[in-house]
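**Q** Just dropping this structure here.
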Amino acid sequence: MNIFPAIDLREGRVVRLTQGDYDRMEVYGDSPVDMAAAFRARGASFLHMVDLDGARDGTTANRDSVAAVAAAGGLFIQVGGGVRTEERIASYLELGVDRVILGTVAAENFAFAEKMAAKYGPAIAVGVDAKDGFVAIRGWKELTALQGVEFCRRLAEAGVETVIYTDISRDGAMQGTNLEVYRVLSQVKGLNVVASGGVSSYEEIEALRDLGLYGTILGKALYTGTLELEKAIALARPGGMGSPGGGEGEEERK
């Protein structure tokens, strides 16, 4: 299983929200490049980045920050937040981003997500953010009638290879992740599932690894020191800390 340290961006700064609430924001750094370098120095091979400004209003306010992190190299980078056009997808890929995450647009225009998955293959993922089991959009501000797990099944059938599933109620709350939903999602054939939201213990990392998940995103637990990145990466390997090797999945470091 792959560990994705998270860098959430707002106005160029590294921040974390609690349960997606923009009014409950903590700032953890002014330099995304320095933060990414610190993660890389601690053994990270993967990075999850979210443009929170883009997620809320569709802007590209943090494009320069993403570009700078990508230019530094050394990490497999996936980016989401406000990606609603093919132009935005192409722009991120041209920067050197490895995978672009569709969110709101996949829920509102399923045919577009299916078309982009067919065209760009593994360079496309879909972020499924769920509240009380239903998909939320536009920076988690609006709730749809789409049931989260069923939506993931539809995405897999449409050719989407990777889904980042976030339980909003757990995100940033440091109260544990929703293991039951990941147990269900792990059974969806042909889908790489990345767990996101509330992972805050080594036992949870082991449980998610044992479910066969493709990846896990770590955010606030890293920033507060609750989890050590090096140990999390070691535990995510097949067999846990006793297993040799770097724990990377199908994608390798640049």
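By convention here, the chains of the structure tokens are called A, B, ... in the order presented, each chain's residues are numbered starting at 1, and ligands are numbered starting at 1 in the order presented.
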Excluding Phe110 (chain A) and any residue of its chain fewer than 5 positions from it, enumerate the residues within 12 Å of it, using only C-alpha atoms, and give them as a list in words.
**A**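 Once the adjacent positions are removed, what remains is Arg84, Leu102, Gly103, Thr104, Val105, Lys115, Met116, Ala117, Val126, Leu146, Phe151, Cys152, Arg154, Leu155, Ala156, Glu157, Ala158, Gly159 and Val160 of chain A.
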**Q** If you measure from CA of Asp129 (chain A) to CA of Thr224 (chain A), what distance in Å do you get, rounded to one decimal?
**A**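 These atoms are spaced 23.1 Å apart.
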**Q** Could you give me the residues within region 62-152 of chain A that DSSP places in helix (DSSP H, G or I), as a PyMOL selection string?
**A** chain A and resi 63-72+86-95+104-108+110-123+148-152
**Q** Go through region 174-239 of chain A and collect every residue that DSSP, computed from the backbone, puts in strand (DSSP E or B); the answer should be as a count of residues only.
**A** 9
**Q** List as a PyMOL selection string the protein and nucleic acid residues near region 229-237 of chain A, meaning an atom at most 12 Å away when only C-alpha atoms are counted, but skip any in the same chain fewer than 3 places from it.
**A** chain A and resi 1-6+38-46+199-226+240-249
**Q** Go through A:Asp51, A:Asp21, A:Asp57, A:Glu108 and flag the residue nearest Leu9 (chain A), using only C-alpha atoms for the distances.
**A**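 Ranking A:Asp51, A:Asp21, A:Asp57, A:Glu108 by distance to Leu9 (chain A), first place goes to A:Asp51.
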**Q** Between CA of Leu17 (chain A) and CA of Ala125 (chain A), what is the distance in Å, rounded to a tenth?
**A**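 Those two atoms sit 21.9 Å apart.
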